[in-house]
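Trainee: To be precise about what I am sending: the file is called upload-v8.txt and holds compact mmCIF, C-alpha atoms and all ligand atoms.
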```txt
# COMPACT_ATOMS: atom_id res chain seq x y z
CA MET Q 1 -0.51 -15.79 7.99
CA GLY Q 2 0.86 -13.98 4.94
CA LEU Q 3 -1.35 -11.78 2.83
CA PHE Q 4 -0.97 -14.11 -0.17
CA SER Q 5 -0.93 -17.48 1.57
CA ASN Q 6 -2.66 -20.12 -0.62
CA LYS Q 7 -2.32 -17.80 -3.63
CA LYS Q 8 -0.52 -18.97 -6.76
CA LEU Q 9 1.40 -16.44 -8.78
CA LEU Q 10 2.96 -16.84 -12.16
CA VAL Q 11 5.66 -14.24 -12.81
CA GLY Q 12 6.78 -13.78 -16.41
CA VAL Q 13 10.15 -12.11 -16.86
CA THR Q 14 11.09 -10.61 -20.22
CA GLY Q 15 14.41 -9.22 -21.41
CA GLY Q 16 14.76 -5.74 -20.02
CA ILE Q 17 17.27 -4.39 -17.52
CA ALA Q 18 14.46 -3.90 -15.00
CA ALA Q 19 14.43 -7.73 -14.68
CA TYR Q 20 16.73 -7.31 -11.68
CA LYS Q 21 13.93 -5.48 -9.87
CA THR Q 22 11.68 -8.49 -10.34
CA CYS Q 23 13.96 -10.37 -7.92
CA GLU Q 24 12.81 -7.99 -5.18
CA LEU Q 25 9.18 -8.44 -6.25
CA VAL Q 26 9.53 -12.21 -5.93
CA ARG Q 27 11.04 -11.82 -2.45
CA GLU Q 28 8.10 -9.69 -1.35
CA LEU Q 29 5.58 -12.15 -2.77
CA ARG Q 30 7.32 -15.02 -0.98
CA LYS Q 31 7.37 -13.01 2.26
CA GLU Q 32 3.59 -12.82 2.00
CA GLU Q 33 3.59 -16.62 1.48
CA ALA Q 34 2.52 -16.71 -2.17
CA GLU Q 35 3.54 -19.71 -4.25
CA VAL Q 36 5.57 -18.23 -7.09
CA GLN Q 37 6.36 -19.83 -10.44
CA ILE Q 38 8.80 -17.95 -12.68
CA VAL Q 39 8.77 -18.14 -16.48
CA MET Q 40 11.60 -16.43 -18.35
CA THR Q 41 12.11 -15.54 -21.97
CA LYS Q 42 15.46 -16.24 -23.62
CA ALA Q 43 16.42 -12.55 -23.49
CA ALA Q 44 15.50 -12.27 -19.80
CA GLN Q 45 18.15 -14.89 -19.00
CA LYS Q 46 20.80 -12.52 -20.37
CA PHE Q 47 19.92 -10.06 -17.58
CA VAL Q 48 19.30 -12.36 -14.60
CA ALA Q 49 20.34 -15.99 -14.27
CA PRO Q 50 17.47 -18.46 -13.78
CA LEU Q 51 19.33 -19.72 -10.69
CA THR Q 52 18.67 -16.39 -8.96
CA PHE Q 53 14.93 -16.70 -9.48
CA GLU Q 54 15.02 -20.39 -8.66
CA THR Q 55 16.57 -19.60 -5.29
CA LEU Q 56 14.14 -16.77 -4.56
CA SER Q 57 11.03 -18.68 -5.60
CA ASP Q 58 12.04 -22.14 -4.30
CA ARG Q 59 10.89 -23.59 -7.61
CA GLU Q 60 12.42 -24.64 -10.87
CA VAL Q 61 12.29 -21.75 -13.35
CA LEU Q 62 10.51 -22.50 -16.62
CA VAL Q 63 12.31 -21.38 -19.75
CA GLU Q 64 11.81 -23.94 -22.53
CA MET Q 65 8.66 -24.62 -24.50
CA PHE Q 66 9.95 -28.09 -25.34
CA PRO Q 67 12.40 -29.28 -22.67
CA GLN Q 68 14.20 -32.36 -23.94
CA SER Q 69 14.21 -34.43 -20.80
CA LYS Q 70 10.55 -34.23 -19.86
CA SER Q 71 7.28 -35.12 -21.45
CA VAL Q 72 5.36 -31.96 -20.69
CA ALA Q 73 3.52 -31.18 -23.90
CA THR Q 74 0.66 -29.45 -22.07
CA ARG Q 75 2.71 -27.75 -19.39
CA HIS Q 76 2.00 -24.26 -20.77
CA VAL Q 77 -1.71 -24.95 -20.30
CA ASP Q 78 -1.43 -26.59 -16.86
CA VAL Q 79 0.77 -23.88 -15.34
CA ALA Q 80 -1.19 -20.98 -16.81
CA GLN Q 81 -4.40 -22.47 -15.44
CA TRP Q 82 -2.80 -23.20 -12.05
CA ALA Q 83 -2.06 -19.52 -11.46
CA ASP Q 84 -4.47 -17.15 -9.71
CA CYS Q 85 -2.60 -14.20 -11.14
CA PHE Q 86 -0.04 -13.76 -13.91
CA VAL Q 87 2.33 -10.79 -13.61
CA VAL Q 88 4.60 -9.97 -16.54
CA CYS Q 89 7.41 -7.90 -15.01
CA PRO Q 90 9.14 -6.25 -16.69
CA ALA Q 91 7.07 -6.31 -19.86
CA THR Q 92 9.08 -5.24 -22.92
CA ALA Q 93 7.68 -3.60 -26.04
CA ASN Q 94 8.27 -6.97 -27.70
CA ILE Q 95 6.02 -9.04 -25.41
CA LEU Q 96 3.27 -6.40 -25.56
CA GLY Q 97 3.46 -6.42 -29.35
CA LYS Q 98 3.43 -10.20 -29.53
CA VAL Q 99 0.45 -10.64 -27.24
CA ALA Q 100 -1.50 -7.81 -28.88
CA ALA Q 101 -0.86 -9.44 -32.28
CA GLY Q 102 -1.80 -12.92 -31.06
CA ILE Q 103 1.68 -14.37 -31.39
CA ALA Q 104 2.55 -17.29 -29.13
CA ASP Q 105 6.01 -18.43 -30.19
CA ASP Q 106 7.72 -19.22 -26.90
CA LEU Q 107 6.74 -20.52 -23.47
CA LEU Q 108 5.89 -17.15 -21.92
CA SER Q 109 3.79 -15.78 -24.79
CA THR Q 110 1.99 -19.12 -25.11
CA MET Q 111 1.18 -19.13 -21.40
CA ILE Q 112 -0.18 -15.57 -21.61
CA MET Q 113 -2.39 -16.74 -24.46
CA VAL Q 114 -3.76 -19.50 -22.24
CA ALA Q 115 -4.18 -17.30 -19.15
CA GLY Q 116 -6.03 -14.47 -20.94
CA GLY Q 117 -6.66 -10.89 -19.86
CA GLU Q 118 -8.58 -11.38 -16.66
CA LYS Q 119 -5.67 -12.61 -14.62
CA THR Q 120 -2.75 -11.01 -16.46
CA ILE Q 121 -1.00 -7.83 -15.32
CA PHE Q 122 1.67 -6.19 -17.47
CA CYS Q 123 4.32 -3.96 -15.85
CA PRO Q 124 5.95 -2.27 -18.85
CA ALA Q 125 9.50 -0.93 -18.57
CA MET Q 126 11.49 0.41 -21.48
CA ASN Q 127 13.28 3.42 -22.94
CA SER Q 128 11.00 6.48 -23.05
CA ASN Q 129 11.10 6.72 -26.87
CA MET Q 130 10.03 3.11 -27.13
CA TYR Q 131 7.24 3.66 -24.62
CA ALA Q 132 6.04 6.78 -26.45
CA ASN Q 133 6.07 4.98 -29.82
CA PRO Q 134 2.49 4.97 -31.16
CA ILE Q 135 2.84 1.28 -31.99
CA VAL Q 136 3.54 0.43 -28.34
CA GLN Q 137 0.75 2.76 -27.19
CA ARG Q 138 -1.65 1.16 -29.64
CA ASN Q 139 -0.72 -2.31 -28.40
CA ILE Q 140 -1.30 -1.24 -24.79
CA GLU Q 141 -4.70 0.20 -25.70
CA THR Q 142 -5.61 -2.99 -27.54
CA LEU Q 143 -4.62 -5.13 -24.57
CA GLN Q 144 -6.47 -2.90 -22.09
CA ARG Q 145 -9.59 -3.10 -24.22
CA LEU Q 146 -9.28 -6.87 -24.11
CA GLY Q 147 -9.21 -6.83 -20.30
CA TYR Q 148 -5.46 -7.04 -19.57
CA SER Q 149 -4.34 -4.92 -16.61
CA PHE Q 150 -1.35 -2.59 -16.49
CA VAL Q 151 0.85 -0.98 -13.88
CA SER Q 152 2.03 1.99 -15.90
CA PRO Q 153 5.72 2.93 -15.89
CA GLU Q 154 7.05 5.98 -14.07
CA TRP Q 155 9.02 9.08 -14.96
CA GLY Q 156 12.66 9.01 -13.89
CA GLU Q 157 16.21 8.17 -14.79
CA LEU Q 158 16.34 5.25 -17.20
CA ALA Q 159 19.03 2.63 -17.66
CA CYS Q 160 20.19 4.49 -20.79
CA HIS Q 161 20.91 7.48 -18.45
CA ALA Q 162 18.25 9.63 -20.12
CA GLU Q 163 15.31 10.85 -18.08
CA GLY Q 164 11.82 10.05 -19.23
CA LEU Q 165 8.68 7.98 -18.89
CA GLY Q 166 9.45 4.28 -18.98
CA ARG Q 167 10.96 3.26 -15.67
CA LEU Q 168 9.37 0.20 -14.08
CA ALA Q 169 6.62 1.14 -11.60
CA SER Q 170 7.57 1.05 -7.92
CA LEU Q 171 7.34 -2.23 -6.05
CA GLU Q 172 4.55 -0.78 -3.90
CA ARG Q 173 2.42 -0.01 -6.94
CA ILE Q 174 3.00 -3.43 -8.48
CA LEU Q 175 2.20 -5.20 -5.19
CA GLY Q 176 -0.88 -2.99 -4.78
CA LYS Q 177 -2.19 -4.08 -8.18
CA ILE Q 178 -1.54 -7.75 -7.40
CA LYS Q 179 -3.39 -7.35 -4.09
CA HIS Q 180 -6.38 -5.90 -5.90
CA GLN Q 181 -6.38 -8.68 -8.42
CA LEU Q 182 -6.10 -11.43 -5.81
CA LEU Q 183 -8.00 -10.09 -2.84
CA GLY Q 184 -10.25 -7.38 -4.24
CA SER Q 185 -13.94 -7.27 -3.41
CA GLU Q 186 -16.85 -4.83 -3.76
CA GLU Q 187 -17.82 -4.93 -0.09
CA LEU Q 188 -17.16 -1.20 0.38
CA LYS Q 189 -18.19 -0.08 -3.09
CA GLY Q 190 -19.59 3.47 -2.92
CA VAL Q 191 -18.18 4.07 0.58
CA ARG Q 192 -15.83 7.05 0.87
CA VAL Q 193 -13.06 6.39 3.36
CA LEU Q 194 -10.58 8.95 4.64
CA VAL Q 195 -7.43 7.59 6.30
CA THR Q 196 -4.67 9.60 7.95
CA ALA Q 197 -1.20 8.17 8.46
CA GLY Q 198 2.34 8.88 9.54
CA PRO Q 199 3.76 11.45 11.92
CA THR Q 200 3.48 15.20 11.61
CA GLN Q 201 6.46 17.55 11.78
CA GLU Q 202 6.35 20.82 13.69
CA PRO Q 203 9.21 23.09 12.57
CA ILE Q 204 11.37 24.92 15.09
CA ASP Q 205 13.60 26.58 12.49
CA PRO Q 206 14.42 25.83 8.81
CA VAL Q 207 16.36 22.66 9.70
CA ARG Q 208 14.83 21.39 12.95
CA PHE Q 209 11.44 20.05 13.88
CA ILE Q 210 9.50 18.08 16.50
CA THR Q 211 8.18 14.72 15.35
CA ASN Q 212 7.70 11.10 16.46
CA ALA Q 213 8.74 7.65 15.28
CA SER Q 214 5.60 6.82 13.27
CA SER Q 215 6.48 5.06 10.00
CA GLY Q 216 3.00 5.39 8.45
CA LYS Q 217 2.80 1.61 7.92
CA MET Q 218 -0.43 1.13 9.87
CA GLY Q 219 -2.29 3.96 8.12
CA PHE Q 220 -1.06 2.93 4.67
CA ALA Q 221 -2.12 -0.69 5.36
CA LEU Q 222 -5.59 0.57 6.33
CA ALA Q 223 -5.87 2.67 3.17
CA GLU Q 224 -4.85 -0.32 1.01
CA ALA Q 225 -7.24 -2.65 2.86
CA ALA Q 226 -10.15 -0.26 2.30
CA ALA Q 227 -9.27 0.18 -1.38
CA ILE Q 228 -9.03 -3.59 -1.86
CA ARG Q 229 -12.62 -3.82 -0.62
CA GLY Q 230 -13.72 -1.36 -3.27
CA ALA Q 231 -13.92 1.84 -1.15
CA GLU Q 232 -13.07 5.23 -2.60
CA VAL Q 233 -10.05 6.05 -0.44
CA THR Q 234 -8.31 9.32 0.35
CA LEU Q 235 -5.07 9.03 2.29
CA ILE Q 236 -3.67 12.12 4.00
CA SER Q 237 -0.25 11.44 5.37
CA GLY Q 238 2.54 13.20 7.18
CA PRO Q 239 6.08 12.68 5.85
CA THR Q 240 6.93 8.97 5.32
CA ASN Q 241 8.90 6.89 2.83
CA LEU Q 242 5.78 5.11 1.65
CA ARG Q 243 3.66 5.54 -1.48
CA PRO Q 244 0.16 4.11 -1.84
CA SER Q 245 -1.19 2.25 -4.85
CA GLU Q 246 -2.54 4.20 -7.78
CA ASP Q 247 -6.24 4.13 -7.02
CA ILE Q 248 -5.83 5.87 -3.65
CA HIS Q 249 -6.17 9.68 -3.63
CA PHE Q 250 -3.01 10.71 -1.85
CA ARG Q 251 -2.08 13.99 -0.16
CA GLU Q 252 1.07 14.59 1.79
CA VAL Q 253 1.16 17.24 4.51
CA ARG Q 254 3.74 18.24 7.05
CA THR Q 255 2.25 19.86 10.14
CA THR Q 256 -0.80 19.08 12.27
CA GLU Q 257 -2.42 22.31 11.13
CA GLN Q 258 -1.94 21.31 7.49
CA MET Q 259 -3.42 17.89 8.26
CA TYR Q 260 -6.35 19.61 9.99
CA GLU Q 261 -7.03 21.74 6.89
CA ALA Q 262 -6.70 18.81 4.48
CA VAL Q 263 -8.93 16.52 6.57
CA HIS Q 264 -11.66 19.17 6.91
CA GLU Q 265 -11.57 19.79 3.17
CA VAL Q 266 -12.33 16.13 2.45
CA TYR Q 267 -14.60 15.48 5.46
CA PRO Q 268 -17.92 16.71 3.96
CA ASN Q 269 -17.57 14.04 1.23
CA THR Q 270 -16.57 11.21 3.56
CA ASP Q 271 -18.49 8.32 5.14
CA VAL Q 272 -15.73 6.77 7.27
CA VAL Q 273 -12.66 8.39 8.86
CA ILE Q 274 -9.77 6.37 10.25
CA MET Q 275 -7.30 8.62 12.04
CA ALA Q 276 -4.19 6.46 12.25
CA ALA Q 277 -1.81 9.43 12.08
CA ALA Q 278 0.42 10.02 15.09
CA VAL Q 279 -0.42 13.67 15.22
CA SER Q 280 1.83 16.01 17.15
CA ASP Q 281 -0.18 17.51 20.00
CA TYR Q 282 2.10 20.53 20.34
CA ARG Q 283 4.05 22.88 18.07
CA PRO Q 284 6.72 25.44 18.88
CA SER Q 285 5.04 28.76 19.73
CA VAL Q 286 7.62 30.65 17.71
CA TYR Q 287 9.15 29.59 14.41
CA SER Q 288 12.60 31.01 13.82
CA GLU Q 289 13.15 32.07 10.18
CA HIS Q 290 16.88 31.47 10.66
CA LYS Q 291 18.66 28.47 12.12
CA LEU Q 292 18.90 28.91 15.90
CA LYS Q 293 22.48 29.59 16.92
CA LYS Q 294 24.25 27.47 19.49
CA SER Q 295 25.06 29.33 22.68
CA ASP Q 296 26.63 28.45 26.00
CA ASN Q 297 23.29 28.58 27.78
CA SER Q 298 20.45 26.11 27.75
CA ILE Q 299 17.43 27.19 25.73
CA VAL Q 300 13.73 26.91 26.50
CA LEU Q 301 11.34 25.87 23.78
CA THR Q 302 7.79 26.98 24.41
CA LEU Q 303 5.13 24.76 22.85
CA GLU Q 304 1.53 25.55 22.14
CA LYS Q 305 -1.36 23.18 21.64
CA ASN Q 306 -2.28 21.94 18.18
CA PRO Q 307 -5.94 21.44 17.26
CA ASP Q 308 -7.32 17.95 17.96
CA ILE Q 309 -8.42 16.93 14.48
CA LEU Q 310 -10.41 13.88 15.49
CA ALA Q 311 -12.23 15.64 18.33
CA SER Q 312 -13.24 18.39 15.90
CA LEU Q 313 -14.70 15.76 13.53
CA GLY Q 314 -16.54 14.08 16.42
CA LYS Q 315 -18.41 17.34 17.06
CA ASN Q 316 -19.90 17.26 13.57
CA LYS Q 317 -20.43 13.56 12.92
CA ASN Q 318 -23.70 13.43 11.04
CA GLY Q 319 -23.90 9.65 10.66
CA ARG Q 320 -20.25 9.18 9.76
CA ILE Q 321 -18.15 6.41 11.27
CA LEU Q 322 -15.10 7.66 13.15
CA VAL Q 323 -12.21 5.45 14.15
CA GLY Q 324 -9.32 6.68 16.28
CA PHE Q 325 -6.04 5.24 17.45
CA ALA Q 326 -4.57 5.65 20.90
CA VAL Q 327 -0.99 5.04 21.86
CA GLU Q 328 -0.89 4.41 25.58
CA THR Q 329 1.93 3.17 27.75
CA THR Q 330 -0.15 2.83 30.96
CA ASP Q 331 -3.78 1.86 31.68
CA GLU Q 332 -4.44 1.33 27.95
CA LEU Q 333 -8.06 0.23 28.29
CA LYS Q 334 -9.09 2.95 30.72
CA HIS Q 335 -7.58 5.71 28.60
CA GLY Q 336 -8.86 4.15 25.37
CA LYS Q 337 -12.44 4.09 26.68
CA GLN Q 338 -12.16 7.70 27.87
CA LYS Q 339 -10.89 8.86 24.47
CA LEU Q 340 -13.57 6.99 22.57
CA LYS Q 341 -16.19 8.90 24.56
CA ALA Q 342 -14.46 12.28 24.62
CA LYS Q 343 -13.92 12.29 20.84
CA ASN Q 344 -17.33 10.74 20.02
CA LEU Q 345 -15.81 7.77 18.15
CA ASP Q 346 -17.29 4.47 17.01
CA LEU Q 347 -14.10 2.48 17.48
CA ILE Q 348 -10.78 3.13 19.11
CA VAL Q 349 -7.71 1.02 18.42
CA VAL Q 350 -5.38 1.03 21.40
CA ASN Q 351 -1.79 -0.06 21.38
CA ASN Q 352 1.10 0.08 23.76
CA PRO Q 353 4.40 0.61 21.88
CA LYS Q 354 6.29 -0.77 24.87
CA GLN Q 355 4.86 -4.21 24.14
CA ARG Q 356 7.01 -6.47 21.94
CA GLY Q 357 5.92 -6.38 18.28
CA ALA Q 358 3.68 -3.34 18.78
CA GLY Q 359 3.93 0.32 17.95
CA PHE Q 360 5.49 2.68 15.49
CA ALA Q 361 8.36 1.43 13.40
CA THR Q 362 7.55 -2.31 13.46
CA ASP Q 363 5.89 -4.42 10.75
CA THR Q 364 3.58 -5.96 13.35
CA ASN Q 365 1.18 -4.57 15.90
CA VAL Q 366 -0.62 -5.77 19.04
CA VAL Q 367 -3.89 -3.89 19.38
CA THR Q 368 -7.14 -3.85 21.29
CA ILE Q 369 -10.28 -2.57 19.60
CA ILE Q 370 -12.93 -0.94 21.80
CA ASP Q 371 -16.39 -0.02 20.54
CA ARG Q 372 -19.17 2.29 21.80
CA GLN Q 373 -20.68 -0.53 23.85
CA GLN Q 374 -17.29 -0.77 25.60
CA HIS Q 375 -16.82 -4.23 24.11
CA VAL Q 376 -13.11 -5.03 24.11
CA GLU Q 377 -11.49 -7.17 21.40
CA SER Q 378 -7.82 -7.95 22.01
CA LEU Q 379 -5.97 -9.20 18.94
CA PRO Q 380 -2.77 -11.23 19.05
CA LYS Q 381 0.45 -10.00 17.45
CA LEU Q 382 -0.34 -9.64 13.73
CA SER Q 383 1.20 -7.99 10.70
CA LYS Q 384 -0.10 -4.45 10.12
CA PRO Q 385 -2.01 -5.50 6.96
CA GLU Q 386 -3.72 -8.21 9.04
CA VAL Q 387 -4.59 -5.71 11.78
CA ALA Q 388 -5.99 -3.49 9.02
CA GLN Q 389 -8.23 -6.33 7.80
CA HIS Q 390 -9.63 -6.80 11.33
CA ILE Q 391 -10.37 -3.10 11.70
CA LEU Q 392 -12.03 -3.05 8.28
CA ASN Q 393 -14.17 -6.06 9.26
CA ARG Q 394 -15.41 -4.10 12.27
CA ILE Q 395 -16.13 -1.06 10.09
CA VAL Q 396 -18.09 -3.21 7.63
CA GLU Q 397 -20.18 -4.50 10.58
CA LEU Q 398 -20.87 -0.92 11.67
CA ILE Q 399 -21.95 0.11 8.17
CA PHE Q 400 -24.21 -2.92 7.98
CA GLU Q 401 -25.76 -2.12 11.39
CA ALA Q 402 -26.34 1.52 10.39
CA LYS Q 403 -28.03 0.43 7.14
CA SER Q 404 -30.28 -2.10 8.87
CA LYS Q 405 -31.43 0.60 11.34
CA LYS Q 406 -32.52 2.91 8.51
O1 LIG M 1 -5.67 12.02 22.43
P1 LIG M 1 -4.75 11.21 21.59
O2 LIG M 1 -3.72 12.03 20.89
O3 LIG M 1 -4.15 10.04 22.27
O4 LIG M 1 -5.72 10.61 20.49
C1 LIG M 1 -5.25 9.83 19.46
C2 LIG M 1 -6.19 9.88 18.29
O5 LIG M 1 -6.55 11.22 18.00
C3 LIG M 1 -5.55 9.35 17.04
O6 LIG M 1 -6.52 8.75 16.25
C4 LIG M 1 -4.96 10.60 16.41
O7 LIG M 1 -4.84 10.46 15.01
C5 LIG M 1 -5.99 11.65 16.78
N1 LIG M 1 -5.45 12.97 17.01
C6 LIG M 1 -5.91 14.06 16.27
N2 LIG M 1 -5.41 15.31 16.48
C7 LIG M 1 -4.49 15.53 17.44
C8 LIG M 1 -4.02 14.47 18.21
C9 LIG M 1 -4.51 13.19 17.97
O8 LIG M 1 -6.75 13.85 15.41
N3 LIG M 1 -4.04 16.75 17.62
```
Would you mind writing the file out in C-alpha cells?
Ligand code: C5P
Mentor:
Amino acid sequence: MGLFSNKKLLVGVTGGIAAYKTCELVRELRKEEAEVQIVMTKAAQKFVAPLTFETLSDREVLVEMFPQSKSVATRHVDVAQWADCFVVCPATANILGKVAAGIADDLLSTMIMVAGGEKTIFCPAMNSNMYANPIVQRNIETLQRLGYSFVSPEWGELACHAEGLGRLASLERILGKIKHQLLGSEELKGVRVLVTAGPTQEPIDPVRFITNASSGKMGFALAEAAAIRGAEVTLISGPTNLRPSEDIHFREVRTTEQMYEAVHEVYPNTDVVIMAAAVSDYRPSVYSEHKLKKSDNSIVLTLEKNPDILASLGKNKNGRILVGFAVETTDELKHGKQKLKAKNLDLIVVNNPKQRGAGFATDTNVVTIIDRQQHVESLPKLSKPEVAQHILNRIVELIFEAKSKK
C-alpha cells in the first residue's frame, strides 16, 4: 500500500519556470497512490501544457473558473473541500500577494480562499530579488500568521542564471511537508529519537576508501516516520544522496569513528536510538597521505577493528530504547538473537540482502523483528517507509510499556 493511498491532493500550479519540477512531484505522489487533482493558472499553462499534468495525474486538469460546456458553478468549493491537502507548487510572488490581499479572481486563487490555511502549503519559487522584496516577505509573514504552511525556497542557481535564494525547495523537502500535513500525529511528542543511516567510508588514500552498498533509504525512512509522529529527531548519516525534511536535525559524517563521536555527543539527550547505519566494522590500519602507486606486485591491506557504536551504547543504557539492525546471509534468526543480547538491545531488525526485495539499494525490504522476549515478527516484503512504520509501532509499544511500569 502506498504512503498516500486514500489521500486526496490538490496541486495548484502557478506560472513560474519551476512548474516543470511539479511534474516530478505529481509522479511521486501518484507512486504513493495519492489521488491528485491539478489546478493551473493561465500563466502556468505557458510553462507546462495541461496535457502533461493530465497524463501524470490521470485526471482532467482544471483551468477555467467558468468552463463553457459544463454547469459547475460550485466546483471551486467542491474540489477545495474534497482535498485533504492543497499544495501550491510553484507559488509565484503573484499568488502569494493575491491570497495575502484576499483576492480571488481566478479558479486557483478562489479555491485557496475556500480551502484556507490549515490545509494549504505554499512552495515559493522565484528570482532572488523578488523573493527578497519586502512586499513578498510581508505577504509570506501574513500568510504564515494566518496558518498557511510554507516550504521555503533554497539557495542555488536560478533560471535567470544568477545565484541566489529563490530556487524551488527539493522534492524531498516538499514531500516531507506533505507527509507531515497528511499523516502527522503527536504520538511521539517530547520523545528524542536518534537515527543513524547510510554506509560509512574508511579511507585508504585520498581517492580510495572501503564502503558498502547501503543507500541510506531505510534509516532516512525511519527518521521521517519518527518525525511524522511528532518526535524530535536527529539523523546522523554516512555519505548518501538523500536529504531529510527540514524539521530533522541532520549531521553527515564519513567514517565509523566520526559516527561514533557524533552519536555519543547526542546520546545523553536521547530517549530512543535506531542504528540503521551499515557501519564499517574495519578500517585500514594505515592511511596513505598520497595516492598509492600501482606496482607489479600484489598489495596487502591491513585492517583494524572499528569501535562498535551500538554495543558501546548498550553498556550505558539508562532506560533508553535501543534498536539495532543486522544484515545476515545465513542463520538470520540465530545471529539476530545473539546480537540483541550481546549489544543489550530492545529490538533487532534482521534482514538477508540475498532475499528478493530485501537489503541495501532496494526500495523495499523483507525484515524480521526480534524483541527481548525472543518474540519473532516476520514482515512480508514492504516498502522501506512501511517497514519504518512497523518498527515505529513497536517502539511506541515499548515506550508505553515502560511508562506503565513506572
Ligand atoms: O554486529 P553487526 O555489525 O551485525 O551489528 C549490526 C548493528 O550494529 C547495526 O545496528 C549497526 O548499525 C550497528 N553497528 C555499530 N557499530 C559497528 C558495527 C555495527 O553500531 N561498528
Trainee: Residues within 8 Å of ligand LIG 1 (chain M), counting all atoms listed in the file: report them as a PyMOL selection string.
Mentor: chain Q and resi 196-197+256+260+274-282+306-312+323-328+339+343+348
Trainee: Which is closest to Q:Thr120 among Q:Leu56, Q:Ala101, Q:Ala227, Q:Val88, if we use only C-alpha atoms?
Mentor: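 Closest candidate: Q:Val88.
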Trainee: Write out as a PDB file with C-alpha atoms, in the frame of the given file the residues lying within 8 Å of Q:Ala169, counting all atoms listed in the file and excluding same-chain residues fewer than 6 positions away.
Mentor:
```pdb
ATOM      1  CA  CYS Q 123       4.320  -3.960 -15.850  1.00  0.00           C
ATOM      2  CA  ALA Q 125       9.500  -0.930 -18.570  1.00  0.00           C
ATOM      3  CA  VAL Q 151       0.850  -0.980 -13.880  1.00  0.00           C
ATOM      4  CA  SER Q 152       2.030   1.990 -15.900  1.00  0.00           C
ATOM      5  CA  PRO Q 153       5.720   2.930 -15.890  1.00  0.00           C
ATOM      6  CA  GLU Q 154       7.050   5.980 -14.070  1.00  0.00           C
TER       7      GLU Q 154
END
```
Trainee: Just the number, please: distance in Å from atom CA of Q:Val253 to atom CA of Q:Gly238, one decimal.
Mentor: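 Interatomic distance, atom CA of Q:Val253 to atom CA of Q:Gly238: 5.0 Å.
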Trainee: Can you tell me how far atom CA of Q:Thr302 sits from atom CA of Q:Gly336, in Å to one decimal?
Mentor: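 Answer for the atom CA of Q:Thr302 to atom CA of Q:Gly336 separation: 28.3 Å.
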Trainee: For Q:Arg192, list every protein, DNA or RNA residue within 10 Å, evaluated using all atoms listed in the file, and leave out those in the same chain fewer than 6 positions away; present the list as a PyMOL selection string.
Mentor: chain Q and resi 226-227+230-234+266-267+269-273
Trainee: Tell me, in Å to one decimal, how far atom CA of Q:Ser215 is from atom CA of Q:Glu202.
Mentor: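 Atom CA of Q:Glu202 lies at a distance of 16.2 Å from atom CA of Q:Ser215.
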Trainee: Would you be able to write out as a VMD selection string which residues have an atom within 7 Å of (2.4, -12.7, -15.2) in the file's coordinates, counting all atoms listed in the file?
Mentor: chain Q and resid 10 to 12 85 to 89 120 to 122
Trainee: Could you tell me which of Q:Met113, Q:Asn133, Q:Pro385, Q:Asn127 comes closest to Q:Glu157 if we count only C-alpha atoms?
Mentor: Q:Asn127
Trainee: Within 12 Å of Q:Ile399, counting all atoms listed in the file, which residues show up once you throw out same-chain ones fewer than 3 positions away? Write them as a ChimeraX atom specification, please.
Mentor: /Q:187-193,271-272,319-322,346,392-396,402-406
Trainee: Measuring atom to atom with only C-alpha atoms, identify which of Q:Glu60, Q:Ile95, Q:Thr211, Q:Lys8 is nearest to Q:Ala43.
Mentor: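 For Q:Ala43, the nearest of the given residues is Q:Ile95.
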Trainee: I need the residue nearest Q:Lys315 from this list: Q:Val61, Q:Leu194, Q:Ala19, Q:Leu345. Use all atoms listed in the file for the distance.
Mentor: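 Under the stated criterion, the closest residue is Q:Leu345.
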Trainee: Between Q:Val366, Q:Ala388, Q:Leu303, Q:Ala342, which one has atoms that come closest to Q:Ile228, using all atoms listed in the file?
Mentor: Q:Ala388
Trainee: Please report, as CSV, each residue of stretch 110-216 of chain Q lying at most 10 Å from stretch 75-80 of chain Q, together with the nearest pair of atoms and the separation in Å rounded to one decimal; use only C-alpha atoms, and order rows by chain and ascending residue number.
Mentor:
```
residue,atom,partner,partner_atom,distance
Q:Thr110,CA,Q:His76,CA,6.7
Q:Met111,CA,Q:His76,CA,5.2
Q:Ile112,CA,Q:Ala80,CA,7.3
Q:Met113,CA,Q:Ala80,CA,8.8
Q:Val114,CA,Q:Val77,CA,6.1
Q:Ala115,CA,Q:Ala80,CA,5.3
Q:Gly116,CA,Q:Ala80,CA,9.1
Q:Lys119,CA,Q:Ala80,CA,9.7
```
Trainee: Compare Q:Thr240, Q:Thr142, Q:Ser109, Q:Thr368 by their minimum atom-to-atom distance to Q:Ala91, counting only C-alpha atoms, and give me the closest one.
Mentor: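 That would be Q:Ser109, the residue with the smallest distance to Q:Ala91.
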Trainee: Might you pull out every residue within 10 Å of Q:Gln355, with all atoms listed in the file counted and same-chain residues fewer than 2 positions away left off, and present them as a list in words?
Mentor: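 Selected residues are Thr329, Asn351, Asn352, Pro353, Gly357, Ala358, Gly359, Asn365, Val366, Val367 and Lys381 of chain Q.
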Trainee: Kindly complete stretch 287-292 of chain Q to N, CA and C atoms; the output should be written as a PDB file, keeping the file's coordinate frame.
Mentor:
```pdb
ATOM      1  N   TYR Q 287       8.315  30.206  15.440  1.00  0.00           N
ATOM      2  CA  TYR Q 287       9.150  29.590  14.410  1.00  0.00           C
ATOM      3  C   TYR Q 287      10.254  30.574  14.061  1.00  0.00           C
ATOM      4  N   SER Q 288      11.493  30.128  14.134  1.00  0.00           N
ATOM      5  CA  SER Q 288      12.600  31.010  13.820  1.00  0.00           C
ATOM      6  C   SER Q 288      12.921  30.924  12.317  1.00  0.00           C
ATOM      7  N   GLU Q 289      12.875  32.043  11.624  1.00  0.00           N
ATOM      8  CA  GLU Q 289      13.150  32.070  10.180  1.00  0.00           C
ATOM      9  C   GLU Q 289      14.581  31.622   9.877  1.00  0.00           C
ATOM     10  N   HIS Q 290      15.475  31.837  10.851  1.00  0.00           N
ATOM     11  CA  HIS Q 290      16.880  31.470  10.660  1.00  0.00           C
ATOM     12  C   HIS Q 290      17.244  30.359  11.637  1.00  0.00           C
ATOM     13  N   LYS Q 291      18.217  29.576  11.266  1.00  0.00           N
ATOM     14  CA  LYS Q 291      18.660  28.470  12.120  1.00  0.00           C
ATOM     15  C   LYS Q 291      19.086  29.022  13.490  1.00  0.00           C
ATOM     16  N   LEU Q 292      18.564  28.438  14.552  1.00  0.00           N
ATOM     17  CA  LEU Q 292      18.900  28.910  15.900  1.00  0.00           C
ATOM     18  C   LEU Q 292      20.382  28.682  16.163  1.00  0.00           C
TER      19      LEU Q 292
END
```
